[in-house]
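Peer 1: Input structure: target.pdb, which contains PDB, C-alpha atoms and all ligand atoms.
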```pdb
ATOM      1  CA  MET Y   1      16.597   9.456  -6.274
ATOM      2  CA  LYS Y   2      19.448   9.380  -3.733
ATOM      3  CA  GLU Y   3      18.105  12.652  -2.358
ATOM      4  CA  ILE Y   4      14.829  10.948  -1.419
ATOM      5  CA  THR Y   5      14.726   8.607   1.580
ATOM      6  CA  ILE Y   6      11.692   6.561   2.582
ATOM      7  CA  THR Y   7      11.397   5.130   6.090
ATOM      8  CA  PRO Y   8       8.609   2.849   7.295
ATOM      9  CA  VAL Y   9       7.363   3.624  10.804
ATOM     10  CA  ARG Y  10       5.517   0.823  12.589
ATOM     11  CA  TYR Y  11       2.572   1.472  14.893
ATOM     12  CA  PHE Y  12      -0.264  -0.516  16.468
ATOM     13  CA  ASP Y  13       0.179  -4.259  15.838
ATOM     14  CA  ASP Y  14       1.048  -4.255  12.163
ATOM     15  CA  ASN Y  15       0.440  -0.794  10.637
ATOM     16  CA  TYR Y  16       2.932   1.189   8.578
ATOM     17  CA  ALA Y  17       3.223   4.938   8.117
ATOM     18  CA  TYR Y  18       5.955   6.138   5.750
ATOM     19  CA  VAL Y  19       8.188   9.159   6.139
ATOM     20  CA  VAL Y  20       9.503  10.501   2.840
ATOM     21  CA  HIS Y  21      12.351  12.995   3.079
ATOM     22  CA  HIS Y  22      13.820  15.169   0.331
ATOM     23  CA  THR Y  23      17.337  15.923   1.558
ATOM     24  CA  ARG Y  24      18.234  18.726  -0.875
ATOM     25  CA  PHE Y  25      15.027  20.673  -0.242
ATOM     26  CA  ASP Y  26      14.756  19.560   3.408
ATOM     27  CA  LEU Y  27      11.111  18.612   2.871
ATOM     28  CA  THR Y  28       9.240  15.816   4.613
ATOM     29  CA  ALA Y  29       5.998  14.045   3.701
ATOM     30  CA  VAL Y  30       4.221  11.516   5.884
ATOM     31  CA  ILE Y  31       1.930   8.881   4.401
ATOM     32  CA  ASP Y  32      -0.892   7.956   6.808
ATOM     33  CA  CYS Y  33      -1.091   8.586  10.521
ATOM     34  CA  GLY Y  34      -3.206   6.300  12.661
ATOM     35  CA  ASP Y  35      -0.997   6.944  15.683
ATOM     36  CA  SER Y  36       1.108  10.102  15.686
ATOM     37  CA  GLY Y  37       3.335   8.994  18.601
ATOM     38  CA  PRO Y  38       5.829   6.785  16.733
ATOM     39  CA  VAL Y  39       5.796   9.156  13.726
ATOM     40  CA  LEU Y  40       6.548  12.195  15.883
ATOM     41  CA  ASP Y  41       9.296  10.283  17.727
ATOM     42  CA  PHE Y  42      10.958   9.441  14.431
ATOM     43  CA  LEU Y  43      10.649  13.015  13.101
ATOM     44  CA  ASP Y  44      12.072  14.334  16.366
ATOM     45  CA  ARG Y  45      15.108  12.072  16.158
ATOM     46  CA  LYS Y  46      15.754  13.304  12.624
ATOM     47  CA  HIS Y  47      14.936  16.964  13.404
ATOM     48  CA  TRP Y  48      12.487  16.973  10.483
ATOM     49  CA  ARG Y  49       9.186  18.851  10.246
ATOM     50  CA  PRO Y  50       6.301  17.286   8.313
ATOM     51  CA  ASP Y  51       5.370  19.541   5.394
ATOM     52  CA  LEU Y  52       2.736  17.166   4.040
ATOM     53  CA  LEU Y  53       0.500  14.432   5.413
ATOM     54  CA  LEU Y  54      -0.954  12.330   2.594
ATOM     55  CA  LEU Y  55      -3.863  10.110   3.647
ATOM     56  CA  THR Y  56      -4.755   6.948   1.742
ATOM     57  CA  HIS Y  57      -8.202   6.288   3.242
ATOM     58  CA  SER Y  58     -10.555   6.967   6.108
ATOM     59  CA  HIS Y  59      -9.940   3.985   8.390
ATOM     60  CA  TYR Y  60      -8.894   5.043  11.890
ATOM     61  CA  ASP Y  61      -5.647   3.088  11.759
ATOM     62  CA  HIS Y  62      -4.568   5.198   8.760
ATOM     63  CA  ALA Y  63      -6.205   8.592   9.251
ATOM     64  CA  GLY Y  64      -7.260   8.511  12.902
ATOM     65  CA  ASP Y  65      -4.582  10.730  14.432
ATOM     66  CA  VAL Y  66      -4.324  13.743  12.134
ATOM     67  CA  GLU Y  67      -4.954  15.850  15.225
ATOM     68  CA  GLY Y  68      -1.895  14.481  17.015
ATOM     69  CA  LEU Y  69       0.379  15.528  14.156
ATOM     70  CA  LYS Y  70      -1.383  18.873  13.638
ATOM     71  CA  THR Y  71      -1.165  19.759  17.325
ATOM     72  CA  GLU Y  72       2.603  19.429  17.178
ATOM     73  CA  PHE Y  73       2.984  20.841  13.640
ATOM     74  CA  PRO Y  74      -0.011  23.081  12.753
ATOM     75  CA  GLU Y  75       1.579  24.115   9.449
ATOM     76  CA  THR Y  76       1.500  20.566   8.025
ATOM     77  CA  VAL Y  77      -0.700  20.469   4.911
ATOM     78  CA  VAL Y  78      -3.064  17.509   5.329
ATOM     79  CA  ILE Y  79      -4.298  15.978   2.088
ATOM     80  CA  LYS Y  80      -7.242  13.612   1.711
ATOM     81  CA  PRO Y  81      -9.250  12.025  -1.101
ATOM     82  CA  ALA Y  82     -11.978  14.335  -2.425
ATOM     83  CA  GLY Y  83     -15.448  13.283  -1.268
ATOM     84  CA  GLU Y  84     -14.188  11.489   1.836
ATOM     85  CA  THR Y  85     -16.161  13.204   4.612
ATOM     86  CA  ARG Y  86     -15.059  10.800   7.352
ATOM     87  CA  ILE Y  87     -11.567  12.326   7.605
ATOM     88  CA  GLU Y  88     -11.358  15.423   9.757
ATOM     89  CA  GLY Y  89      -8.730  18.143   9.736
ATOM     90  CA  ALA Y  90      -7.708  18.029   6.057
ATOM     91  CA  ASP Y  91      -6.502  21.175   4.265
ATOM     92  CA  ARG Y  92      -6.710  20.012   0.674
ATOM     93  CA  GLU Y  93      -8.692  17.454  -1.320
ATOM     94  CA  ILE Y  94      -7.208  15.570  -4.256
ATOM     95  CA  THR Y  95      -8.545  13.272  -6.916
ATOM     96  CA  ASP Y  96      -7.262  10.926  -9.639
ATOM     97  CA  GLY Y  97      -4.439  12.456 -11.688
ATOM     98  CA  ASP Y  98      -3.841  15.422  -9.375
ATOM     99  CA  THR Y  99      -0.285  16.163  -8.348
ATOM    100  CA  VAL Y 100       1.167  17.334  -5.065
ATOM    101  CA  THR Y 101       4.433  19.283  -5.297
ATOM    102  CA  PHE Y 102       7.338  18.007  -3.201
ATOM    103  CA  GLY Y 103      10.355  20.232  -3.974
ATOM    104  CA  ASP Y 104      11.385  19.408  -7.536
ATOM    105  CA  TYR Y 105       9.455  16.120  -7.358
ATOM    106  CA  ARG Y 106       5.754  15.531  -7.134
ATOM    107  CA  PHE Y 107       3.352  12.928  -5.875
ATOM    108  CA  THR Y 108       0.740  11.821  -8.404
ATOM    109  CA  VAL Y 109      -2.656  10.764  -7.112
ATOM    110  CA  VAL Y 110      -4.123   7.422  -8.232
ATOM    111  CA  SER Y 111      -7.724   6.748  -7.205
ATOM    112  CA  THR Y 112      -8.247   3.073  -6.360
ATOM    113  CA  PRO Y 113     -11.749   2.645  -4.889
ATOM    114  CA  ALA Y 114     -12.516  -0.891  -3.667
ATOM    115  CA  HIS Y 115     -11.356  -1.422  -0.046
ATOM    116  CA  THR Y 116     -13.175   1.865   0.660
ATOM    117  CA  ARG Y 117     -15.020   4.105  -1.770
ATOM    118  CA  TYR Y 118     -12.297   6.780  -1.718
ATOM    119  CA  CYS Y 119      -9.123   4.694  -1.368
ATOM    120  CA  THR Y 120      -6.202   6.527  -2.916
ATOM    121  CA  CYS Y 121      -2.592   5.685  -3.778
ATOM    122  CA  TYR Y 122       0.252   8.164  -4.173
ATOM    123  CA  VAL Y 123       3.117   7.744  -6.639
ATOM    124  CA  LEU Y 124       6.532   9.397  -6.331
ATOM    125  CA  GLN Y 125       8.730   8.315  -9.255
ATOM    126  CA  ASP Y 126       8.980   4.512  -8.894
ATOM    127  CA  HIS Y 127       7.550   4.495  -5.381
ATOM    128  CA  LEU Y 128       3.886   3.634  -4.944
ATOM    129  CA  PHE Y 129       2.180   4.113  -1.565
ATOM    130  CA  VAL Y 130      -0.933   1.959  -1.526
ATOM    131  CA  GLY Y 131      -2.388   1.960   2.009
ATOM    132  CA  ASP Y 132      -4.703  -1.076   2.184
ATOM    133  CA  VAL Y 133      -5.273  -1.365  -1.569
ATOM    134  CA  LEU Y 134      -2.563  -3.996  -1.982
ATOM    135  CA  PHE Y 135      -0.436  -6.076   0.385
ATOM    136  CA  SER Y 136       2.313  -8.481  -0.463
ATOM    137  CA  MET Y 137       0.378 -11.508  -1.789
ATOM    138  CA  GLY Y 138      -2.913  -9.937  -0.729
ATOM    139  CA  CYS Y 139      -5.230  -6.945  -0.912
ATOM    140  CA  GLY Y 140      -7.585  -5.080   1.412
ATOM    141  CA  ARG Y 141     -11.024  -6.489   2.118
ATOM    142  CA  LEU Y 142     -13.962  -5.158   0.130
ATOM    143  CA  PHE Y 143     -15.638  -2.976   2.748
ATOM    144  CA  GLU Y 144     -17.359  -0.610   0.325
ATOM    145  CA  GLY Y 145     -16.448  -1.563  -3.221
ATOM    146  CA  SER Y 146     -17.518  -4.467  -5.421
ATOM    147  CA  ALA Y 147     -15.535  -7.279  -7.021
ATOM    148  CA  ALA Y 148     -15.746  -5.310 -10.285
ATOM    149  CA  ASP Y 149     -14.113  -2.352  -8.527
ATOM    150  CA  LEU Y 150     -11.352  -4.656  -7.301
ATOM    151  CA  VAL Y 151     -10.757  -5.985 -10.824
ATOM    152  CA  ALA Y 152     -10.475  -2.395 -12.091
ATOM    153  CA  VAL Y 153      -8.012  -1.502  -9.305
ATOM    154  CA  MET Y 154      -5.807  -4.555  -9.920
ATOM    155  CA  ASP Y 155      -5.805  -3.860 -13.665
ATOM    156  CA  LYS Y 156      -4.791  -0.269 -12.951
ATOM    157  CA  LEU Y 157      -1.944  -1.296 -10.639
ATOM    158  CA  ARG Y 158      -0.671  -3.787 -13.221
ATOM    159  CA  THR Y 159      -0.032  -0.899 -15.655
ATOM    160  CA  PHE Y 160       2.796   0.505 -13.515
ATOM    161  CA  PRO Y 161       6.393  -0.379 -14.431
ATOM    162  CA  ASP Y 162       7.633  -3.693 -13.040
ATOM    163  CA  GLN Y 163      10.348  -2.027 -10.980
ATOM    164  CA  THR Y 164       7.737  -0.016  -9.035
ATOM    165  CA  ARG Y 165       8.287  -0.362  -5.304
ATOM    166  CA  ILE Y 166       5.075  -0.885  -3.395
ATOM    167  CA  TYR Y 167       4.750   0.443   0.155
ATOM    168  CA  PHE Y 168       1.775  -1.222   1.820
ATOM    169  CA  GLY Y 169      -0.125  -0.304   4.979
ATOM    170  CA  HIS Y 170       0.066  -3.535   6.993
ATOM    171  CA  GLU Y 171       2.673  -6.188   7.741
ATOM    172  CA  TYR Y 172       0.564  -9.184   6.644
ATOM    173  CA  THR Y 173       3.176 -10.844   4.451
ATOM    174  CA  LEU Y 174       3.758 -14.037   6.440
ATOM    175  CA  GLU Y 175       0.023 -14.694   6.894
ATOM    176  CA  ASN Y 176      -0.572 -14.104   3.195
ATOM    177  CA  PHE Y 177       1.942 -16.790   2.212
ATOM    178  CA  ASP Y 178      -0.402 -19.525   3.427
ATOM    179  CA  PHE Y 179      -3.279 -18.391   1.254
ATOM    180  CA  ALA Y 180      -1.066 -17.785  -1.799
ATOM    181  CA  ARG Y 181       0.279 -21.336  -1.433
ATOM    182  CA  ALA Y 182      -3.239 -22.748  -1.115
ATOM    183  CA  VAL Y 183      -4.200 -21.011  -4.371
ATOM    184  CA  GLU Y 184      -1.042 -21.987  -6.268
ATOM    185  CA  PRO Y 185       0.745 -24.924  -4.595
ATOM    186  CA  ASP Y 186       3.044 -25.346  -7.606
ATOM    187  CA  ASN Y 187       4.089 -21.704  -7.959
ATOM    188  CA  ARG Y 188       7.885 -21.862  -7.672
ATOM    189  CA  ASP Y 189       8.146 -18.076  -7.398
ATOM    190  CA  LEU Y 190       6.490 -18.380  -3.985
ATOM    191  CA  VAL Y 191       9.393 -20.562  -2.844
ATOM    192  CA  ALA Y 192      11.920 -18.034  -4.142
ATOM    193  CA  TYR Y 193      10.013 -15.159  -2.582
ATOM    194  CA  GLU Y 194      10.011 -16.900   0.793
ATOM    195  CA  ARG Y 195      13.805 -16.658   0.806
ATOM    196  CA  VAL Y 196      13.636 -12.941  -0.025
ATOM    197  CA  VAL Y 197      11.180 -12.366   2.810
ATOM    198  CA  SER Y 198      13.149 -14.332   5.388
ATOM    199  CA  GLU Y 199      16.269 -12.314   4.526
ATOM    200  CA  LYS Y 200      14.316  -9.097   4.983
ATOM    201  CA  LEU Y 201      12.887 -10.291   8.290
ATOM    202  CA  ASP Y 202      16.384 -11.209   9.517
ATOM    203  CA  GLN Y 203      17.618  -7.740   8.560
ATOM    204  CA  ASP Y 204      15.060  -5.447  10.161
ATOM    205  CA  GLY Y 205      11.824  -7.365  10.667
ATOM    206  CA  LEU Y 206      10.087  -5.495   7.824
ATOM    207  CA  THR Y 207       8.972  -6.939   4.496
ATOM    208  CA  THR Y 208       8.005  -3.586   2.965
ATOM    209  CA  PRO Y 209       8.434  -2.498   0.217
ATOM    210  CA  THR Y 210       7.643  -5.190  -2.268
ATOM    211  CA  THR Y 211       7.874  -4.695  -6.041
ATOM    212  CA  LEU Y 212       5.265  -4.964  -8.758
ATOM    213  CA  ALA Y 213       7.509  -7.478 -10.547
ATOM    214  CA  TRP Y 214       7.322  -9.813  -7.532
ATOM    215  CA  GLU Y 215       3.633  -9.260  -6.892
ATOM    216  CA  LYS Y 216       2.737 -10.087 -10.492
ATOM    217  CA  LYS Y 217       4.367 -13.474  -9.881
ATOM    218  CA  ILE Y 218       2.988 -14.250  -6.421
ATOM    219  CA  ASN Y 219      -0.069 -12.152  -5.562
ATOM    220  CA  PRO Y 220      -3.233 -14.103  -6.440
ATOM    221  CA  PHE Y 221      -5.264 -10.895  -6.722
ATOM    222  CA  LEU Y 222      -3.005  -9.714  -9.569
ATOM    223  CA  ARG Y 223      -3.149 -13.167 -11.162
ATOM    224  CA  ILE Y 224      -6.833 -13.943 -11.772
ATOM    225  CA  ASP Y 225      -6.081 -14.577 -15.466
ATOM    226  CA  GLN Y 226      -3.279 -17.069 -14.787
ATOM    227  CA  PRO Y 227      -4.133 -20.714 -15.611
ATOM    228  CA  ALA Y 228      -3.145 -21.950 -12.128
ATOM    229  CA  VAL Y 229      -5.392 -19.405 -10.411
ATOM    230  CA  ILE Y 230      -8.255 -20.110 -12.808
ATOM    231  CA  ALA Y 231      -7.811 -23.834 -12.087
ATOM    232  CA  TYR Y 232      -8.137 -23.145  -8.356
ATOM    233  CA  LEU Y 233     -11.193 -20.895  -8.717
ATOM    234  CA  ASP Y 234     -13.002 -22.166 -11.754
ATOM    235  CA  PRO Y 235     -11.805 -25.508 -13.121
ATOM    236  CA  ASP Y 236     -14.778 -25.685 -15.525
ATOM    237  CA  ARG Y 237     -14.110 -22.162 -16.814
ATOM    238  CA  ARG Y 238     -17.606 -20.859 -16.342
ATOM    239  CA  LEU Y 239     -16.885 -17.636 -14.475
ATOM    240  CA  THR Y 240     -16.188 -14.104 -15.695
ATOM    241  CA  ARG Y 241     -13.118 -12.234 -14.421
ATOM    242  CA  THR Y 242     -15.301 -10.335 -11.966
ATOM    243  CA  MET Y 243     -16.829 -13.571 -10.675
ATOM    244  CA  ARG Y 244     -13.363 -15.077 -10.276
ATOM    245  CA  MET Y 245     -12.251 -12.015  -8.294
ATOM    246  CA  ALA Y 246     -15.355 -12.180  -6.091
ATOM    247  CA  LEU Y 247     -14.725 -15.856  -5.363
ATOM    248  CA  LEU Y 248     -11.011 -15.291  -4.676
ATOM    249  CA  ARG Y 249     -11.780 -12.461  -2.263
ATOM    250  CA  SER Y 250     -14.430 -14.474  -0.415
ATOM    251  CA  ARG Y 251     -12.147 -17.521  -0.135
ATOM    252  CA  LYS Y 252      -9.461 -15.275   1.346
ATOM    253  CA  ASP Y 253     -11.998 -13.782   3.779
ATOM    254  CA  ASP Y 254     -12.914 -17.289   4.965
ATOM    255  CA  PHE Y 255      -9.373 -18.700   4.923
TER
HETATM  256 ZN    ZN C   1      -8.258   0.060   5.729
END
```
Can you present the structure in this file as structure tokens?
Ligand SMILES: [Zn+2]

Peer 2:
Amino acid sequence: MKEITITPVRYFDDNYAYVVHHTRFDLTAVIDCGDSGPVLDFLDRKHWRPDLLLLTHSHYDHAGDVEGLKTEFPETVVIKPAGETRIEGADREITDGDTVTFGDYRFTVVSTPAHTRYCTCYVLQDHLFVGDVLFSMGCGRLFEGSAADLVAVMDKLRTFPDQTRIYFGHEYTLENFDFARAVEPDNRDLVAYERVVSEKLDQDGLTTPTTLAWEKKINPFLRIDQPAVIAYLDPDRRLTRTMRMALLRSRKDDF
């Protein structure tokens, strides 16, 4: 995939949009656009035009500035999850399993309702764009879905190949370390991952992307069946998986 480049673009305090460029076909896709300014600046520097805008969910910091991009580039095809009426200015609706053509590649749509009812991820080969569905060592709050929805989403994400690169919507990695350590104080992979993160931060200040291989080892929300996480949540082993997930999410909310 040398002909595909993926660049994170920071905006607001900690948000990420991603610009995906196909060099051979000279095509560009943007994932999320809560603030078009930094995205347009980056596209301008590269002399790229956005062919696609793929939206992960309705929150303003992800889908709140479609208009800004469309004003500059009216021909951009804006894609949103089917059923999501809170996003304005979309040209096409997609749902689980749909594909979006990108030259000789395609994005595959993965519905992941939990953070919001219509949260959607997009997969391009080994690259998975997750919005607020997953963060490094964390996941999005349950604004509209249930703990059972979150279990289903985490189980779905776990089915992707380990080498999958995960591009998340917020730079929360350092904050999430503290909670992950509280859940699993003896998890040695957290110590190793801290070195990886500090190298990344020294390089460019960004911890995205992470990989599914790492997250399976360090992200408590992908680890509710691990003995150490069960010991933290439910030492007497009385809870179902869904109850464990609900408790984990509420402890994170109160952390
Ligand atoms: Zn959100």

Peer 1: Please evaluate the PyMOL selection byres (((not hetatm)) within 9 of (chain C and resi 1)) against the displayed coordinates and give the resulting residues as JSON, numbers by chain.

Peer 2: {"Y": [56, 57, 58, 59, 60, 61, 62, 115, 116, 119, 131, 132, 133, 140, 141, 143, 169]}

Peer 1: Tell me which of Y:Ile166, Y:Leu247, Y:Ile79, Y:Ala182 sits closest to Y:Ser146, counting only C-alpha atoms.

Peer 2: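 Looking at the shortest contact to Y:Ser146, the residue is Y:Leu247.
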
Peer 1: Residues at most 12 Å from Y:Asp225, counting all atoms listed in the file, excluding those fewer than 6 positions away in the same chain, as a list in words?

Peer 2: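 Final neighbour list, sorted by chain and number: Val151, Met154, Asp155, Lys216, Lys217, Asn219, Ala231, Tyr232, Leu233, Asp234, Arg237, Leu239, Thr240, Arg241, Thr242, Met243, Arg244, Met245 and Leu248 of chain Y.
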
Peer 1: List the spatial neighbours of Y:Val229 as a list in words - criterion: any atom at most 9 Å away, all atoms listed in the file, same-chain residues fewer than 5 positions off excluded.

Peer 2: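 So, after excluding close chain neighbours, the residues are Val183, Glu184, Pro220, Arg223, Ile224 and Asp234 of chain Y.
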
Peer 1: Write the selection just made, keeping C-alpha atoms, as a PDB file, in the frame of the given file?

Peer 2:
```pdb
ATOM      1  CA  VAL Y 183      -4.200 -21.011  -4.371  1.00  0.00           C
ATOM      2  CA  GLU Y 184      -1.042 -21.987  -6.268  1.00  0.00           C
ATOM      3  CA  PRO Y 220      -3.233 -14.103  -6.440  1.00  0.00           C
ATOM      4  CA  ARG Y 223      -3.149 -13.167 -11.162  1.00  0.00           C
ATOM      5  CA  ILE Y 224      -6.833 -13.943 -11.772  1.00  0.00           C
ATOM      6  CA  ASP Y 234     -13.002 -22.166 -11.754  1.00  0.00           C
TER       7      ASP Y 234
END
```

Peer 1: Starting from the PyMOL selection byres (((chain Y and resi 25-28) around 9) and not hetatm), expand the selection into actual residues of this file and give them as a list in words.

Peer 2: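 In the shown coordinates, the PyMOL selection byres (((chain Y and resi 25-28) around 9) and not hetatm) covers Glu3, Val19, Val20, His21, His22, Thr23, Arg24, Ala29, Val30, Trp48, Arg49, Pro50, Asp51, Leu52, Leu53, Phe102, Gly103 and Asp104 of chain Y.
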
Peer 1: To test your reading of the syntax: which residues would the PyMOL selection byres (((chain Y and resi 181) around 12) and not hetatm) return for the file shown? Reply as a VMD selection string.

Peer 2: chain Y and resid 137 to 138 174 to 180 182 to 191 193 to 194 218 to 220 228 to 229 232 252 255

Peer 1: Could you please fill out stretch 214-233 of chain Y with N, CA, C and O atoms and send it back as a PDB file, in the coordinates of the input?

Peer 2:
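As a result, part27.pdb now contains:
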```pdb
ATOM      1  N   TRP Y 214       7.574  -8.661  -8.410  1.00  0.00           N
ATOM      2  CA  TRP Y 214       7.322  -9.813  -7.532  1.00  0.00           C
ATOM      3  C   TRP Y 214       5.831 -10.082  -7.408  1.00  0.00           C
ATOM      4  O   TRP Y 214       5.375 -11.221  -7.513  1.00  0.00           O
ATOM      5  N   GLU Y 215       5.063  -9.041  -7.156  1.00  0.00           N
ATOM      6  CA  GLU Y 215       3.633  -9.260  -6.892  1.00  0.00           C
ATOM      7  C   GLU Y 215       2.917  -9.858  -8.103  1.00  0.00           C
ATOM      8  O   GLU Y 215       1.997 -10.657  -7.946  1.00  0.00           O
ATOM      9  N   LYS Y 216       3.342  -9.479  -9.297  1.00  0.00           N
ATOM     10  CA  LYS Y 216       2.737 -10.087 -10.492  1.00  0.00           C
ATOM     11  C   LYS Y 216       2.977 -11.595 -10.532  1.00  0.00           C
ATOM     12  O   LYS Y 216       2.227 -12.338 -11.144  1.00  0.00           O
ATOM     13  N   LYS Y 217       4.046 -12.042  -9.875  1.00  0.00           N
ATOM     14  CA  LYS Y 217       4.367 -13.474  -9.881  1.00  0.00           C
ATOM     15  C   LYS Y 217       3.741 -14.242  -8.717  1.00  0.00           C
ATOM     16  O   LYS Y 217       3.632 -15.465  -8.775  1.00  0.00           O
ATOM     17  N   ILE Y 218       3.378 -13.532  -7.647  1.00  0.00           N
ATOM     18  CA  ILE Y 218       2.988 -14.250  -6.421  1.00  0.00           C
ATOM     19  C   ILE Y 218       1.664 -13.817  -5.816  1.00  0.00           C
ATOM     20  O   ILE Y 218       1.126 -14.522  -4.966  1.00  0.00           O
ATOM     21  N   ASN Y 219       1.143 -12.663  -6.216  1.00  0.00           N
ATOM     22  CA  ASN Y 219      -0.069 -12.152  -5.562  1.00  0.00           C
ATOM     23  C   ASN Y 219      -1.310 -12.633  -6.317  1.00  0.00           C
ATOM     24  O   ASN Y 219      -1.572 -12.212  -7.437  1.00  0.00           O
ATOM     25  N   PRO Y 220      -2.104 -13.538  -5.706  1.00  0.00           N
ATOM     26  CA  PRO Y 220      -3.233 -14.103  -6.440  1.00  0.00           C
ATOM     27  C   PRO Y 220      -4.194 -13.050  -6.986  1.00  0.00           C
ATOM     28  O   PRO Y 220      -4.809 -13.260  -8.028  1.00  0.00           O
ATOM     29  N   PHE Y 221      -4.308 -11.912  -6.283  1.00  0.00           N
ATOM     30  CA  PHE Y 221      -5.264 -10.895  -6.722  1.00  0.00           C
ATOM     31  C   PHE Y 221      -4.804 -10.170  -7.986  1.00  0.00           C
ATOM     32  O   PHE Y 221      -5.608  -9.541  -8.668  1.00  0.00           O
ATOM     33  N   LEU Y 222      -3.519 -10.260  -8.299  1.00  0.00           N
ATOM     34  CA  LEU Y 222      -3.005  -9.714  -9.569  1.00  0.00           C
ATOM     35  C   LEU Y 222      -2.917 -10.798 -10.632  1.00  0.00           C
ATOM     36  O   LEU Y 222      -2.427 -10.562 -11.726  1.00  0.00           O
ATOM     37  N   ARG Y 223      -3.381 -12.012 -10.295  1.00  0.00           N
ATOM     38  CA  ARG Y 223      -3.149 -13.167 -11.162  1.00  0.00           C
ATOM     39  C   ARG Y 223      -4.438 -13.925 -11.517  1.00  0.00           C
ATOM     40  O   ARG Y 223      -4.383 -15.117 -11.819  1.00  0.00           O
ATOM     41  N   ILE Y 224      -5.578 -13.216 -11.527  1.00  0.00           N
ATOM     42  CA  ILE Y 224      -6.833 -13.943 -11.772  1.00  0.00           C
ATOM     43  C   ILE Y 224      -6.942 -14.479 -13.197  1.00  0.00           C
ATOM     44  O   ILE Y 224      -7.834 -15.265 -13.490  1.00  0.00           O
ATOM     45  N   ASP Y 225      -6.052 -14.052 -14.092  1.00  0.00           N
ATOM     46  CA  ASP Y 225      -6.081 -14.577 -15.466  1.00  0.00           C
ATOM     47  C   ASP Y 225      -5.048 -15.679 -15.692  1.00  0.00           C
ATOM     48  O   ASP Y 225      -4.931 -16.203 -16.801  1.00  0.00           O
ATOM     49  N   GLN Y 226      -4.296 -16.018 -14.654  1.00  0.00           N
ATOM     50  CA  GLN Y 226      -3.279 -17.069 -14.787  1.00  0.00           C
ATOM     51  C   GLN Y 226      -3.941 -18.448 -14.733  1.00  0.00           C
ATOM     52  O   GLN Y 226      -4.821 -18.682 -13.892  1.00  0.00           O
ATOM     53  N   PRO Y 227      -3.505 -19.378 -15.576  1.00  0.00           N
ATOM     54  CA  PRO Y 227      -4.133 -20.714 -15.611  1.00  0.00           C
ATOM     55  C   PRO Y 227      -4.200 -21.383 -14.241  1.00  0.00           C
ATOM     56  O   PRO Y 227      -5.228 -21.986 -13.896  1.00  0.00           O
ATOM     57  N   ALA Y 228      -3.144 -21.272 -13.432  1.00  0.00           N
ATOM     58  CA  ALA Y 228      -3.145 -21.950 -12.128  1.00  0.00           C
ATOM     59  C   ALA Y 228      -4.204 -21.359 -11.201  1.00  0.00           C
ATOM     60  O   ALA Y 228      -4.849 -22.090 -10.437  1.00  0.00           O
ATOM     61  N   VAL Y 229      -4.396 -20.054 -11.272  1.00  0.00           N
ATOM     62  CA  VAL Y 229      -5.392 -19.405 -10.411  1.00  0.00           C
ATOM     63  C   VAL Y 229      -6.797 -19.700 -10.924  1.00  0.00           C
ATOM     64  O   VAL Y 229      -7.717 -19.948 -10.137  1.00  0.00           O
ATOM     65  N   ILE Y 230      -6.953 -19.732 -12.234  1.00  0.00           N
ATOM     66  CA  ILE Y 230      -8.255 -20.110 -12.808  1.00  0.00           C
ATOM     67  C   ILE Y 230      -8.581 -21.554 -12.414  1.00  0.00           C
ATOM     68  O   ILE Y 230      -9.719 -21.862 -12.032  1.00  0.00           O
ATOM     69  N   ALA Y 231      -7.576 -22.423 -12.450  1.00  0.00           N
ATOM     70  CA  ALA Y 231      -7.811 -23.834 -12.087  1.00  0.00           C
ATOM     71  C   ALA Y 231      -8.286 -23.964 -10.647  1.00  0.00           C
ATOM     72  O   ALA Y 231      -9.141 -24.793 -10.323  1.00  0.00           O
ATOM     73  N   TYR Y 232      -7.740 -23.124  -9.772  1.00  0.00           N
ATOM     74  CA  TYR Y 232      -8.137 -23.145  -8.356  1.00  0.00           C
ATOM     75  C   TYR Y 232      -9.563 -22.616  -8.180  1.00  0.00           C
ATOM     76  O   TYR Y 232     -10.348 -23.165  -7.406  1.00  0.00           O
ATOM     77  N   LEU Y 233      -9.906 -21.559  -8.925  1.00  0.00           N
ATOM     78  CA  LEU Y 233     -11.193 -20.895  -8.717  1.00  0.00           C
ATOM     79  C   LEU Y 233     -12.314 -21.499  -9.553  1.00  0.00           C
ATOM     80  O   LEU Y 233     -13.463 -21.558  -9.129  1.00  0.00           O
TER      81      LEU Y 233
END
```
